[in-house]
file entry-v6.txt (compact mmCIF, C-alpha atoms)
# COMPACT_ATOMS: atom_id res chain seq x y z
CA MET Z 1 9.91 -6.74 -14.97
CA SER Z 2 7.93 -3.53 -15.35
CA PRO Z 3 9.11 -0.75 -13.06
CA LYS Z 4 7.09 0.13 -9.99
CA ARG Z 5 4.26 2.47 -10.96
CA ILE Z 6 4.52 5.91 -9.37
CA PRO Z 7 1.05 7.38 -8.67
CA VAL Z 8 0.18 11.00 -9.29
CA ALA Z 9 -1.85 11.33 -6.07
CA GLY Z 10 -2.91 9.35 -3.05
CA PRO Z 11 -3.23 9.40 0.76
CA TRP Z 12 -1.13 8.45 3.76
CA ILE Z 13 -3.15 6.11 5.97
CA THR Z 14 -2.13 4.78 9.39
CA GLU Z 15 -3.61 2.58 12.08
CA LYS Z 16 -5.19 5.69 13.64
CA GLU Z 17 -7.58 6.12 10.69
CA VAL Z 18 -8.45 2.42 10.73
CA SER Z 19 -9.16 2.37 14.47
CA TYR Z 20 -11.28 5.56 14.41
CA VAL Z 21 -13.42 4.24 11.55
CA ALA Z 22 -13.82 0.87 13.28
CA ASP Z 23 -14.96 2.66 16.45
CA ALA Z 24 -17.46 4.74 14.47
CA ALA Z 25 -18.79 1.64 12.72
CA ALA Z 26 -19.27 -0.14 16.03
CA ASN Z 27 -20.49 2.71 18.22
CA ASP Z 28 -21.70 5.82 16.34
CA TRP Z 29 -25.38 4.91 16.51
CA TYR Z 30 -28.39 5.61 18.73
CA ASP Z 31 -27.41 8.06 21.48
CA ASN Z 32 -23.90 8.31 20.03
CA ALA Z 33 -25.06 9.11 16.48
CA SER Z 34 -22.99 11.82 14.75
CA ARG Z 35 -20.41 11.90 17.55
CA TYR Z 36 -17.50 11.86 15.09
CA VAL Z 37 -19.21 14.39 12.81
CA THR Z 38 -19.43 16.85 15.70
CA LYS Z 39 -15.80 16.27 16.69
CA PHE Z 40 -14.53 16.60 13.13
CA GLU Z 41 -16.44 19.81 12.46
CA ALA Z 42 -15.32 21.42 15.72
CA GLY Z 43 -11.71 20.36 15.22
CA PHE Z 44 -11.62 21.55 11.63
CA ALA Z 45 -13.12 24.94 12.49
CA ALA Z 46 -10.48 25.41 15.17
CA TYR Z 47 -7.70 24.42 12.78
CA VAL Z 48 -8.79 26.82 10.05
CA GLY Z 49 -9.50 29.57 12.60
CA VAL Z 50 -13.21 30.12 11.92
CA ARG Z 51 -16.38 29.94 14.01
CA HIS Z 52 -18.31 27.36 12.02
CA ALA Z 53 -17.63 24.25 9.94
CA VAL Z 54 -20.21 22.09 8.17
CA SER Z 55 -19.20 18.63 6.93
CA LEU Z 56 -20.47 17.66 3.49
CA PRO Z 57 -20.29 14.86 0.89
CA SER Z 58 -18.05 16.93 -1.43
CA CYS Z 59 -16.48 20.31 -2.04
CA THR Z 60 -18.84 20.75 -5.01
CA SER Z 61 -21.82 20.53 -2.66
CA GLY Z 62 -20.15 23.17 -0.50
CA LEU Z 63 -19.90 25.57 -3.45
CA HIS Z 64 -23.53 24.86 -4.34
CA LEU Z 65 -24.65 25.57 -0.78
CA ALA Z 66 -22.53 28.72 -0.60
CA LEU Z 67 -24.11 30.18 -3.73
CA ALA Z 68 -27.60 29.18 -2.63
CA ALA Z 69 -27.10 30.61 0.86
CA LEU Z 70 -25.96 33.91 -0.66
CA GLY Z 71 -29.09 34.00 -2.82
CA VAL Z 72 -27.21 33.87 -6.13
CA GLY Z 73 -29.49 32.93 -9.02
CA PRO Z 74 -30.69 33.68 -12.57
CA GLY Z 75 -29.50 37.02 -13.89
CA ASP Z 76 -26.46 37.07 -11.61
CA GLU Z 77 -22.83 36.68 -12.65
CA VAL Z 78 -20.13 34.85 -10.69
CA ILE Z 79 -16.45 35.33 -11.51
CA VAL Z 80 -14.08 32.34 -11.52
CA PRO Z 81 -10.51 31.83 -12.75
CA GLU Z 82 -10.11 30.40 -16.23
CA CYS Z 83 -7.88 27.53 -15.05
CA THR Z 84 -9.41 25.33 -12.37
CA TRP Z 85 -11.36 22.09 -12.12
CA ILE Z 86 -14.91 22.36 -13.46
CA ALA Z 87 -16.30 21.81 -9.94
CA THR Z 88 -15.48 25.44 -9.16
CA ALA Z 89 -17.79 26.68 -11.90
CA ALA Z 90 -20.45 23.98 -12.27
CA PRO Z 91 -22.46 25.04 -9.17
CA ILE Z 92 -22.89 28.48 -10.75
CA SER Z 93 -24.98 26.74 -13.40
CA TYR Z 94 -26.79 24.73 -10.72
CA VAL Z 95 -28.27 27.97 -9.32
CA GLY Z 96 -28.98 29.41 -12.76
CA ALA Z 97 -26.31 32.13 -12.69
CA THR Z 98 -23.70 32.91 -15.36
CA PRO Z 99 -19.99 32.04 -14.97
CA VAL Z 100 -17.51 34.71 -16.01
CA PHE Z 101 -14.00 33.35 -16.61
CA VAL Z 102 -11.04 35.61 -15.87
CA ASP Z 103 -7.30 35.27 -16.33
CA ILE Z 104 -4.68 33.79 -14.01
CA ASP Z 105 -1.52 35.22 -12.50
CA PRO Z 106 1.65 34.00 -14.28
CA ARG Z 107 3.37 33.23 -10.98
CA SER Z 108 0.75 31.67 -8.72
CA TRP Z 109 -1.57 30.43 -11.51
CA CYS Z 110 -4.40 31.67 -9.27
CA ILE Z 111 -6.94 34.36 -10.18
CA ASP Z 112 -5.40 37.58 -11.51
CA VAL Z 113 -6.71 40.55 -9.54
CA GLU Z 114 -6.64 43.03 -12.44
CA SER Z 115 -8.53 40.60 -14.66
CA PHE Z 116 -11.07 40.19 -11.85
CA ARG Z 117 -11.52 43.95 -11.58
CA ARG Z 118 -12.08 44.31 -15.33
CA ALA Z 119 -14.76 41.63 -15.32
CA ILE Z 120 -16.95 43.25 -12.63
CA THR Z 121 -20.36 44.44 -13.83
CA SER Z 122 -23.57 45.53 -12.18
CA ARG Z 123 -24.66 41.87 -12.29
CA THR Z 124 -21.62 40.49 -10.44
CA ARG Z 125 -22.76 38.89 -7.17
CA ALA Z 126 -19.80 36.74 -6.18
CA VAL Z 127 -16.26 35.69 -6.99
CA ILE Z 128 -14.79 32.23 -6.37
CA PRO Z 129 -10.99 32.51 -6.10
CA VAL Z 130 -9.19 29.15 -6.14
CA ASP Z 131 -6.13 28.30 -4.02
CA LEU Z 132 -4.73 26.33 -6.92
CA TYR Z 133 -2.55 23.29 -6.17
CA GLY Z 134 -2.00 24.57 -2.61
CA ASP Z 135 -0.86 28.06 -3.63
CA MET Z 136 -2.89 31.22 -3.03
CA PRO Z 137 -3.74 34.42 -4.94
CA ASN Z 138 -3.01 37.98 -3.83
CA TRP Z 139 -5.67 37.95 -1.15
CA THR Z 140 -4.94 41.46 0.11
CA GLU Z 141 -5.76 43.12 -3.23
CA LEU Z 142 -8.46 40.62 -4.11
CA LEU Z 143 -10.45 41.23 -0.94
CA ALA Z 144 -10.05 44.99 -1.28
CA ALA Z 145 -11.51 44.88 -4.79
CA ALA Z 146 -14.37 42.61 -3.74
CA ARG Z 147 -15.27 44.75 -0.73
CA GLN Z 148 -15.14 47.94 -2.81
CA HIS Z 149 -17.79 46.52 -5.14
CA LYS Z 150 -19.73 44.62 -2.44
CA ILE Z 151 -19.07 41.26 -4.05
CA ALA Z 152 -19.34 38.09 -1.95
CA VAL Z 153 -16.17 35.99 -1.78
CA ILE Z 154 -16.32 32.17 -1.78
CA GLU Z 155 -12.84 30.75 -1.27
CA ASP Z 156 -12.32 27.46 -3.09
CA ALA Z 157 -9.66 25.91 -0.87
CA ALA Z 158 -10.34 22.40 -2.19
CA GLU Z 159 -6.65 21.79 -2.85
CA ALA Z 160 -5.10 23.93 -0.14
CA VAL Z 161 -5.74 22.62 3.35
CA GLY Z 162 -2.83 23.80 5.49
CA ALA Z 163 -1.78 26.66 3.21
CA LYS Z 164 -1.55 30.19 4.64
CA HIS Z 165 -1.59 33.75 3.35
CA GLY Z 166 0.34 35.60 6.01
CA ASP Z 167 -1.16 34.26 9.25
CA ALA Z 168 -4.55 33.40 7.71
CA ARG Z 169 -5.18 29.78 6.84
CA ALA Z 170 -6.69 28.79 3.51
CA GLY Z 171 -10.46 28.76 3.74
CA SER Z 172 -10.68 31.57 6.28
CA LEU Z 173 -10.26 34.55 3.94
CA GLY Z 174 -13.63 34.81 2.20
CA ASP Z 175 -17.21 35.06 3.40
CA ILE Z 176 -17.32 31.28 2.96
CA GLY Z 177 -14.55 28.73 2.39
CA VAL Z 178 -14.88 25.22 1.00
CA PHE Z 179 -12.57 22.19 1.07
CA SER Z 180 -12.34 18.83 -0.68
CA PHE Z 181 -11.52 15.56 1.08
CA HIS Z 182 -11.42 13.46 -2.09
CA GLY Z 183 -9.08 10.47 -1.99
CA SER Z 184 -6.43 12.41 -3.89
CA LYS Z 185 -6.32 15.29 -1.40
CA THR Z 186 -3.80 15.89 1.39
CA LEU Z 187 -6.47 15.32 4.06
CA THR Z 188 -8.98 12.76 2.88
CA THR Z 189 -12.20 11.07 3.95
CA GLY Z 190 -12.36 9.06 0.71
CA GLU Z 191 -15.00 11.45 -0.59
CA GLY Z 192 -16.22 14.46 1.33
CA GLY Z 193 -15.90 18.16 1.92
CA MET Z 194 -16.27 20.98 4.40
CA LEU Z 195 -17.81 24.46 4.33
CA VAL Z 196 -16.47 27.02 6.80
CA THR Z 197 -17.57 30.54 7.69
CA ASN Z 198 -17.54 33.20 10.40
CA ASP Z 199 -20.94 34.52 9.29
CA GLN Z 200 -23.68 33.33 11.65
CA ARG Z 201 -26.47 34.12 9.19
CA LEU Z 202 -24.85 32.19 6.35
CA PHE Z 203 -24.05 29.29 8.68
CA GLU Z 204 -27.69 29.01 9.78
CA ARG Z 205 -28.91 29.23 6.20
CA VAL Z 206 -26.52 26.46 5.09
CA LEU Z 207 -27.76 24.18 7.87
CA VAL Z 208 -31.31 24.49 6.55
CA LEU Z 209 -30.39 24.11 2.89
CA ARG Z 210 -28.22 21.01 3.40
CA ASP Z 211 -31.02 19.02 5.13
CA HIS Z 212 -34.00 19.22 2.79
CA GLY Z 213 -35.08 22.63 4.06
CA ARG Z 214 -35.49 21.55 7.69
CA ALA Z 215 -34.48 23.61 10.68
CA PRO Z 216 -31.53 22.14 12.61
CA GLY Z 217 -32.77 19.70 15.23
CA ASP Z 218 -36.20 19.31 13.58
CA ARG Z 219 -37.85 16.05 14.64
CA HIS Z 220 -41.24 16.67 13.03
CA PHE Z 221 -40.03 16.34 9.42
CA PHE Z 222 -41.55 19.73 8.69
CA ASN Z 223 -39.83 21.08 5.59
CA ARG Z 224 -39.76 24.83 5.13
CA GLU Z 225 -38.68 24.64 1.47
CA VAL Z 226 -37.34 22.32 -1.21
CA ALA Z 227 -33.59 22.07 -0.63
CA PHE Z 228 -30.76 19.52 -0.73
CA LYS Z 229 -29.36 16.48 1.05
CA TYR Z 230 -25.71 17.24 1.71
CA LYS Z 231 -24.31 15.47 4.77
CA MET Z 232 -21.24 13.47 5.75
CA SER Z 233 -21.46 10.08 7.47
CA SER Z 234 -19.89 9.31 10.84
CA LEU Z 235 -17.55 6.80 9.16
CA GLN Z 236 -16.15 9.50 6.87
CA ALA Z 237 -15.93 11.97 9.75
CA ALA Z 238 -14.03 9.47 11.89
CA PHE Z 239 -11.55 9.00 9.07
CA GLY Z 240 -11.27 12.77 8.67
CA LEU Z 241 -10.75 13.39 12.37
CA ALA Z 242 -7.82 10.96 12.43
CA GLN Z 243 -6.33 12.72 9.40
CA LEU Z 244 -6.89 16.13 11.01
CA GLU Z 245 -5.00 15.02 14.11
CA ARG Z 246 -2.08 14.22 11.76
CA ILE Z 247 -2.43 17.33 9.59
CA ASP Z 248 0.95 18.83 10.47
CA GLU Z 249 2.83 15.72 9.37
CA LEU Z 250 0.71 15.44 6.21
CA ILE Z 251 1.55 19.03 5.22
CA ALA Z 252 5.21 18.53 6.16
CA ARG Z 253 5.38 15.47 3.88
CA LYS Z 254 3.85 17.40 0.97
CA ARG Z 255 6.38 20.17 1.42
CA GLU Z 256 9.19 17.63 1.69
CA ILE Z 257 8.14 16.02 -1.60
CA PHE Z 258 8.11 19.42 -3.28
CA GLY Z 259 11.54 20.15 -1.81
CA TRP Z 260 12.94 17.00 -3.44
CA TYR Z 261 11.60 18.10 -6.83
CA ARG Z 262 12.89 21.63 -6.37
CA GLU Z 263 16.38 20.35 -5.61
CA LEU Z 264 16.41 18.28 -8.80
CA LEU Z 265 14.55 20.53 -11.25
CA ALA Z 266 14.65 24.17 -10.17
CA SER Z 267 18.05 24.87 -11.73
CA ASP Z 268 16.97 23.44 -15.10
CA LYS Z 269 15.77 26.37 -17.20
CA ARG Z 270 13.42 24.10 -19.17
CA PHE Z 271 11.08 23.82 -16.19
CA GLN Z 272 9.02 26.20 -14.06
CA LEU Z 273 7.76 24.73 -10.78
CA ASN Z 274 5.09 26.05 -8.40
CA ASP Z 275 6.27 29.49 -7.30
CA PRO Z 276 4.36 30.94 -4.32
CA SER Z 277 4.83 34.56 -3.36
CA PRO Z 278 6.82 35.34 -0.17
CA ASP Z 279 3.65 35.92 1.88
CA VAL Z 280 2.21 32.48 1.02
CA PHE Z 281 2.94 29.23 2.84
CA SER Z 282 2.03 26.70 0.16
CA SER Z 283 0.80 23.24 1.07
CA TYR Z 284 1.90 21.93 -2.36
CA TRP Z 285 -1.00 19.55 -2.91
CA MET Z 286 0.20 18.93 -6.45
CA VAL Z 287 3.73 19.52 -7.72
CA THR Z 288 3.34 21.12 -11.14
CA VAL Z 289 5.84 21.85 -13.89
CA LEU Z 290 5.44 24.16 -16.87
CA LEU Z 291 7.24 22.91 -19.95
CA PRO Z 292 8.99 25.22 -22.44
CA GLN Z 293 6.67 27.02 -24.84
CA SER Z 294 8.10 24.91 -27.66
CA CYS Z 295 6.71 21.79 -25.97
CA ALA Z 296 3.11 22.99 -25.62
CA ALA Z 297 1.89 20.95 -28.58
CA ARG Z 298 3.79 17.89 -27.32
CA ARG Z 299 2.59 17.91 -23.71
CA ASP Z 300 0.41 14.80 -24.08
CA GLU Z 301 3.16 12.97 -25.96
CA ILE Z 302 5.55 13.72 -23.08
CA ARG Z 303 2.99 12.44 -20.58
CA ALA Z 304 2.59 9.27 -22.63
CA ARG Z 305 6.35 8.68 -22.64
CA LEU Z 306 6.42 9.10 -18.85
CA ALA Z 307 3.53 6.65 -18.55
CA GLU Z 308 5.54 4.09 -20.53
CA GLN Z 309 8.11 4.31 -17.72
CA GLY Z 310 5.48 3.71 -15.04
CA ILE Z 311 5.07 7.39 -14.10
CA ASP Z 312 1.53 8.73 -13.77
CA THR Z 313 0.84 12.41 -14.43
CA ARG Z 314 -2.11 14.74 -14.95
CA PRO Z 315 -2.49 17.69 -17.31
CA PHE Z 316 -2.74 21.22 -15.95
CA PHE Z 317 -6.39 22.24 -15.91
CA HIS Z 318 -7.81 23.10 -19.31
CA PRO Z 319 -9.14 26.65 -19.62
CA LEU Z 320 -12.78 26.27 -18.65
CA SER Z 321 -14.07 28.36 -21.54
CA SER Z 322 -12.31 25.93 -23.94
CA LEU Z 323 -14.33 22.93 -22.73
CA PRO Z 324 -17.31 21.57 -24.67
CA ALA Z 325 -19.30 21.84 -21.43
CA TYR Z 326 -19.16 25.64 -21.71
CA THR Z 327 -19.70 26.09 -25.44
CA GLY Z 328 -21.89 29.17 -25.80
CA GLN Z 329 -21.93 29.76 -22.03
CA GLY Z 330 -20.24 32.29 -19.80
CA ARG Z 331 -17.51 34.69 -20.89
CA GLY Z 332 -13.84 33.92 -21.41
CA GLY Z 333 -11.54 32.79 -24.19
CA PRO Z 334 -7.93 33.36 -25.27
CA GLU Z 335 -8.37 37.05 -26.10
CA ARG Z 336 -9.73 37.88 -22.64
CA ASN Z 337 -7.55 35.41 -20.76
CA PRO Z 338 -4.27 34.95 -22.64
CA MET Z 339 -2.26 33.72 -19.65
CA GLY Z 340 -4.70 30.91 -18.88
CA TYR Z 341 -4.57 29.77 -22.49
CA ALA Z 342 -0.76 30.02 -22.55
CA VAL Z 343 -0.15 28.16 -19.29
CA GLY Z 344 -2.77 25.42 -19.59
CA PRO Z 345 -1.26 23.51 -22.54
CA ARG Z 346 2.24 23.55 -21.01
CA GLY Z 347 1.46 22.27 -17.53
CA ILE Z 348 1.93 18.79 -16.09
CA ASN Z 349 1.07 17.67 -12.57
CA LEU Z 350 3.90 15.40 -11.44
CA PRO Z 351 3.50 12.48 -9.01
CA SER Z 352 2.68 14.01 -5.62
CA ALA Z 353 1.19 11.11 -3.66
CA LEU Z 354 1.94 11.05 0.03
CA ASN Z 355 3.56 7.60 -0.26
CA LEU Z 356 6.38 8.79 -2.55
CA THR Z 357 9.98 8.23 -1.54
CA GLN Z 358 12.97 10.40 -2.43
CA ASP Z 359 14.05 7.69 -4.87
CA ASP Z 360 10.64 7.87 -6.58
CA VAL Z 361 11.01 11.61 -7.05
CA ALA Z 362 14.54 11.17 -8.41
CA ARG Z 363 13.23 8.65 -10.92
CA VAL Z 364 10.49 11.05 -12.05
CA ALA Z 365 12.94 13.95 -12.39
CA ASP Z 366 15.41 11.87 -14.39
CA ALA Z 367 12.68 10.64 -16.71
CA LEU Z 368 11.32 14.14 -17.23
CA LYS Z 369 14.74 15.47 -18.15
CA GLN Z 370 15.13 12.66 -20.67
CA VAL Z 371 11.81 13.13 -22.46
CA VAL Z 372 11.78 16.95 -22.63
CA PRO Z 373 14.08 18.25 -25.36
CA ASN Z 374 16.85 20.71 -24.54

call {"tool": "encode", "arguments": {"input": "entry-v6.txt", "output": "structure tokens"}}
result
Amino acid sequence: MSPKRIPVAGPWITEKEVSYVADAAANDWYDNASRYVTKFEAGFAAYVGVRHAVSLPSCTSGLHLALAALGVGPGDEVIVPECTWIATAAPISYVGATPVFVDIDPRSWCIDVESFRRAITSRTRAVIPVDLYGDMPNWTELLAAARQHKIAVIEDAAEAVGAKHGDARAGSLGDIGVFSFHGSKTLTTGEGGMLVTNDQRLFERVLVLRDHGRAPGDRHFFNREVAFKYKMSSLQAAFGLAQLERIDELIARKREIFGWYRELLASDKRFQLNDPSPDVFSSYWMVTVLLPQSCAARRDEIRARLAEQGIDTRPFFHPLSSLPAYTGQGRGGPERNPMGYAVGPRGINLPSALNLTQDDVARVADALKQVVPN
């Protein structure tokens, strides 16, 4: 018999989610329309510690709305870390601006503040720091640099719900924060996202832009401008509300899974695991291991050997400027961003699904030790 397959990501669903969605399907219509959307947005804003939350179909749409609400467009530059999912950078192209890729910190793998500072020009309008894999950058220095140069900050907290920098929750540190509720994320709605902000003006602008350029509450279908259709359904919001009410146990499980890996792998000098700074409470969305430099060229072979044993993995994000999608676009590359190019080829995301058991983690750790040479 083939061994049980161990997934790289996935949710933890209970009867609460099922019952909330069933209630929304049966009752969230007519006078009750959007009841769960309102509850989910209010509850999420309170959890993050911000004034406003806007539910959306994806985190990507949140980044698009954030840039549009800030008025970023052709001729502007937006700074992003070299190593992140393309969704962080793609909306920059949607609004006609230019992405500028900067290096990552060797410890957190998040945006490097000095590299950010060096990339600032007179055309820089915004920076999109990423709370990568549930960790967070040096927000104190990052915000100071951004404020000094009057650069808007959009926090990509797609992977970091529940993380904290000091007492501030992920998503609350920039002018705007955005989250993903994809099926792989710690808190999921299947697909979906959330934009959060304390800025009343930006909040009001987002509400217009996400509903085809209509003022909130408009019943005359009188469009002020050509805009977008970015909304979440009541069924998704009901699912999200149930997950939000369980958020503490979801984060605790993620941290428990990481703790199992740390116990089994941290003492092995071949591996470097996620390493948050002392002022960061990581939510460990994805447990990640850096292989020895000698294994960089063999990373995919190692992943294939793990797959043969029923263990799913993902590669660390490719440097964005190395992707065919960005050939001839933006600024980046190995000379400007050596750490991103050094870390990317060595990284593997290990199974981090919320349904993992301690035995599953032990099996992954044993297999990893066997396939990575001493």

call {"tool": "residues_around", "arguments": {"input": "entry-v6.txt", "residues": "Z:Leu132", "least_positions_apart": "5", "cutoff": "8 Å", "atoms": "all atoms listed in the file", "output": "list in words"}}
result
Thr84, Ser108, Trp109, Cys110, Ala157, Glu159 and Ala160 of chain Z

call {"tool": "atom_distance", "arguments": {"input": "entry-v6.txt", "atom1": "atom CA of Z:Leu56", "atom2": "atom CA of Z:Ala158"}}
result
12.5 Å

call {"tool": "closest_residue", "arguments": {"input": "entry-v6.txt", "among": "Z:Asp359, Z:Asp131, Z:Asp103, Z:Asp112", "to": "Z:Ile257", "atoms": "all atoms listed in the file"}}
result
Z:Asp359

call {"tool": "closest_residue", "arguments": {"input": "entry-v6.txt", "among": "Z:Gly240, Z:Gly344, Z:Pro324, Z:Gly162", "to": "Z:Thr288", "atoms": "all atoms listed in the file"}}
result
Z:Gly344

call {"tool": "residues_around", "arguments": {"input": "entry-v6.txt", "residues": "Z:Ala168", "least_positions_apart": "5", "cutoff": "12 Å", "atoms": "all atoms listed in the file", "output": "ChimeraX atom specification"}}
result
/Z:47-50,136,139-140,161-163,173-174,279-281

call {"tool": "write_last_selection", "arguments": {"input": "entry-v6.txt", "atoms": "C-alpha atoms", "output": "mmCIF file, in the coordinates of the input"}}
result
data_model
loop_
_atom_site.group_PDB
_atom_site.id
_atom_site.type_symbol
_atom_site.label_atom_id
_atom_site.label_comp_id
_atom_site.auth_asym_id
_atom_site.auth_seq_id
_atom_site.Cartn_x
_atom_site.Cartn_y
_atom_site.Cartn_z
ATOM 1 C CA TYR Z 47 -7.700 24.420 12.780
ATOM 2 C CA VAL Z 48 -8.790 26.820 10.050
ATOM 3 C CA GLY Z 49 -9.500 29.570 12.600
ATOM 4 C CA VAL Z 50 -13.210 30.120 11.920
ATOM 5 C CA MET Z 136 -2.890 31.220 -3.030
ATOM 6 C CA TRP Z 139 -5.670 37.950 -1.150
ATOM 7 C CA THR Z 140 -4.940 41.460 0.110
ATOM 8 C CA VAL Z 161 -5.740 22.620 3.350
ATOM 9 C CA GLY Z 162 -2.830 23.800 5.490
ATOM 10 C CA ALA Z 163 -1.780 26.660 3.210
ATOM 11 C CA LEU Z 173 -10.260 34.550 3.940
ATOM 12 C CA GLY Z 174 -13.630 34.810 2.200
ATOM 13 C CA ASP Z 279 3.650 35.920 1.880
ATOM 14 C CA VAL Z 280 2.210 32.480 1.020
ATOM 15 C CA PHE Z 281 2.940 29.230 2.840
#

call {"tool": "residues_around", "arguments": {"input": "entry-v6.txt", "residues": "stretch 216-232 of chain Z", "least_positions_apart": "5", "cutoff": "8 Å", "atoms": "all atoms listed in the file", "output": "number ranges by chain"}}
result
Z: 37, 55-57, 61, 192, 207-211, 237

call {"tool": "residues_around", "arguments": {"input": "entry-v6.txt", "residues": "stretch 366-369 of chain Z", "least_positions_apart": "6", "cutoff": "9 Å", "atoms": "only C-alpha atoms", "output": "number ranges by chain"}}
result
Z: 264-265, 268, 270, 302, 305-306, 309, 311

call {"tool": "closest_atom_pairs", "arguments": {"input": "entry-v6.txt", "of": "stretch 319-368 of chain Z", "to": "stretch 92-102 of chain Z", "cutoff": "9 Å", "atoms": "only C-alpha atoms", "output": "tab-separated table"}}
result
residue	atom	partner	partner_atom	distance
Z:Pro319	CA	Z:Phe101	CA	8.8
Z:Leu320	CA	Z:Phe101	CA	7.5
Z:Ser321	CA	Z:Phe101	CA	7.0
Z:Gln329	CA	Z:Thr98	CA	7.6
Z:Gly330	CA	Z:Pro99	CA	4.8
Z:Arg331	CA	Z:Val100	CA	4.9
Z:Gly332	CA	Z:Phe101	CA	4.8
Z:Gly333	CA	Z:Phe101	CA	8.0
Z:Arg336	CA	Z:Val102	CA	7.3
Z:Asn337	CA	Z:Val102	CA	6.0
Z:Gly340	CA	Z:Val102	CA	8.4

call {"tool": "atom_distance", "arguments": {"input": "entry-v6.txt", "atom1": "atom CA of Z:Trp85", "atom2": "atom CA of Z:Ala252"}}
result
24.9 Å

call {"tool": "residues_near_point", "arguments": {"input": "entry-v6.txt", "point": "(-1.9, 16.9, 10.5)", "cutoff": "12 Å", "atoms": "only C-alpha atoms", "output": "list in words"}}
result
Trp12, Ile13, Gly43, Phe44, Tyr47, Val161, Gly162, Thr186, Leu187, Thr188, Gly240, Leu241, Ala242, Gln243, Leu244, Glu245, Arg246, Ile247, Asp248, Glu249, Leu250, Ile251, Ala252, Arg253, Lys254 and Ser283 of chain Z

call {"tool": "atom_distance", "arguments": {"input": "entry-v6.txt", "atom1": "atom CA of Z:Glu191", "atom2": "atom CA of Z:Pro7"}}
result
18.4 Å

call {"tool": "residues_around", "arguments": {"input": "entry-v6.txt", "residues": "Z:Ile176", "least_positions_apart": "2", "cutoff": "7 Å", "atoms": "all atoms listed in the file", "output": "list in words"}}
result
Ala66, Val153, Ile154, Glu155, Gly174, Val178, Leu195, Val196 and Thr197 of chain Z

call {"tool": "write_last_selection", "arguments": {"input": "entry-v6.txt", "atoms": "C-alpha atoms", "output": "CSV table (one decimal), keeping the file's coordinate frame"}}
result
chain,number,residue,atom,x,y,z
Z,66,ALA,CA,-22.5,28.7,-0.6
Z,153,VAL,CA,-16.2,36.0,-1.8
Z,154,ILE,CA,-16.3,32.2,-1.8
Z,155,GLU,CA,-12.8,30.8,-1.3
Z,174,GLY,CA,-13.6,34.8,2.2
Z,178,VAL,CA,-14.9,25.2,1.0
Z,195,LEU,CA,-17.8,24.5,4.3
Z,196,VAL,CA,-16.5,27.0,6.8
Z,197,THR,CA,-17.6,30.5,7.7

call {"tool": "closest_residue", "arguments": {"input": "entry-v6.txt", "among": "Z:Gln370, Z:Ser233, Z:Ser115, Z:Asn349", "to": "Z:Leu142", "atoms": "all atoms listed in the file"}}
result
Z:Ser115

call {"tool": "closest_residue", "arguments": {"input": "entry-v6.txt", "among": "Z:Gly134, Z:Gly177, Z:Pro278, Z:Gly328", "to": "Z:Gly193", "atoms": "all atoms listed in the file"}}
result
Z:Gly177

call {"tool": "build_atoms", "arguments": {"input": "entry-v6.txt", "residues": "stretch 260-270 of chain Z", "atoms": "N, CA and C atoms", "output": "compact mmCIF listing (two decimals), in the coordinates of the input"}}
result
# COMPACT_ATOMS: atom_id res chain seq x y z
N TRP Z 260 12.14 17.95 -2.66
CA TRP Z 260 12.94 17.00 -3.44
C TRP Z 260 12.91 17.38 -4.92
N TYR Z 261 11.71 17.68 -5.42
CA TYR Z 261 11.60 18.10 -6.83
C TYR Z 261 12.37 19.39 -7.08
N ARG Z 262 12.22 20.34 -6.18
CA ARG Z 262 12.89 21.63 -6.37
C ARG Z 262 14.40 21.46 -6.46
N GLU Z 263 14.94 20.59 -5.61
CA GLU Z 263 16.38 20.35 -5.61
C GLU Z 263 16.86 19.78 -6.94
N LEU Z 264 16.01 18.97 -7.58
CA LEU Z 264 16.41 18.28 -8.80
C LEU Z 264 16.05 19.03 -10.08
N LEU Z 265 15.05 19.93 -10.02
CA LEU Z 265 14.55 20.53 -11.25
C LEU Z 265 14.66 22.05 -11.32
N ALA Z 266 14.75 22.71 -10.18
CA ALA Z 266 14.65 24.17 -10.17
C ALA Z 266 15.76 24.84 -10.97
N SER Z 267 16.93 24.24 -11.01
CA SER Z 267 18.05 24.87 -11.73
C SER Z 267 18.01 24.61 -13.24
N ASP Z 268 17.10 23.76 -13.67
CA ASP Z 268 16.97 23.44 -15.10
C ASP Z 268 16.03 24.45 -15.74
N LYS Z 269 16.53 25.26 -16.63
CA LYS Z 269 15.77 26.37 -17.20
C LYS Z 269 14.61 25.90 -18.09
N ARG Z 270 14.55 24.61 -18.37
CA ARG Z 270 13.42 24.10 -19.17
C ARG Z 270 12.12 24.06 -18.35
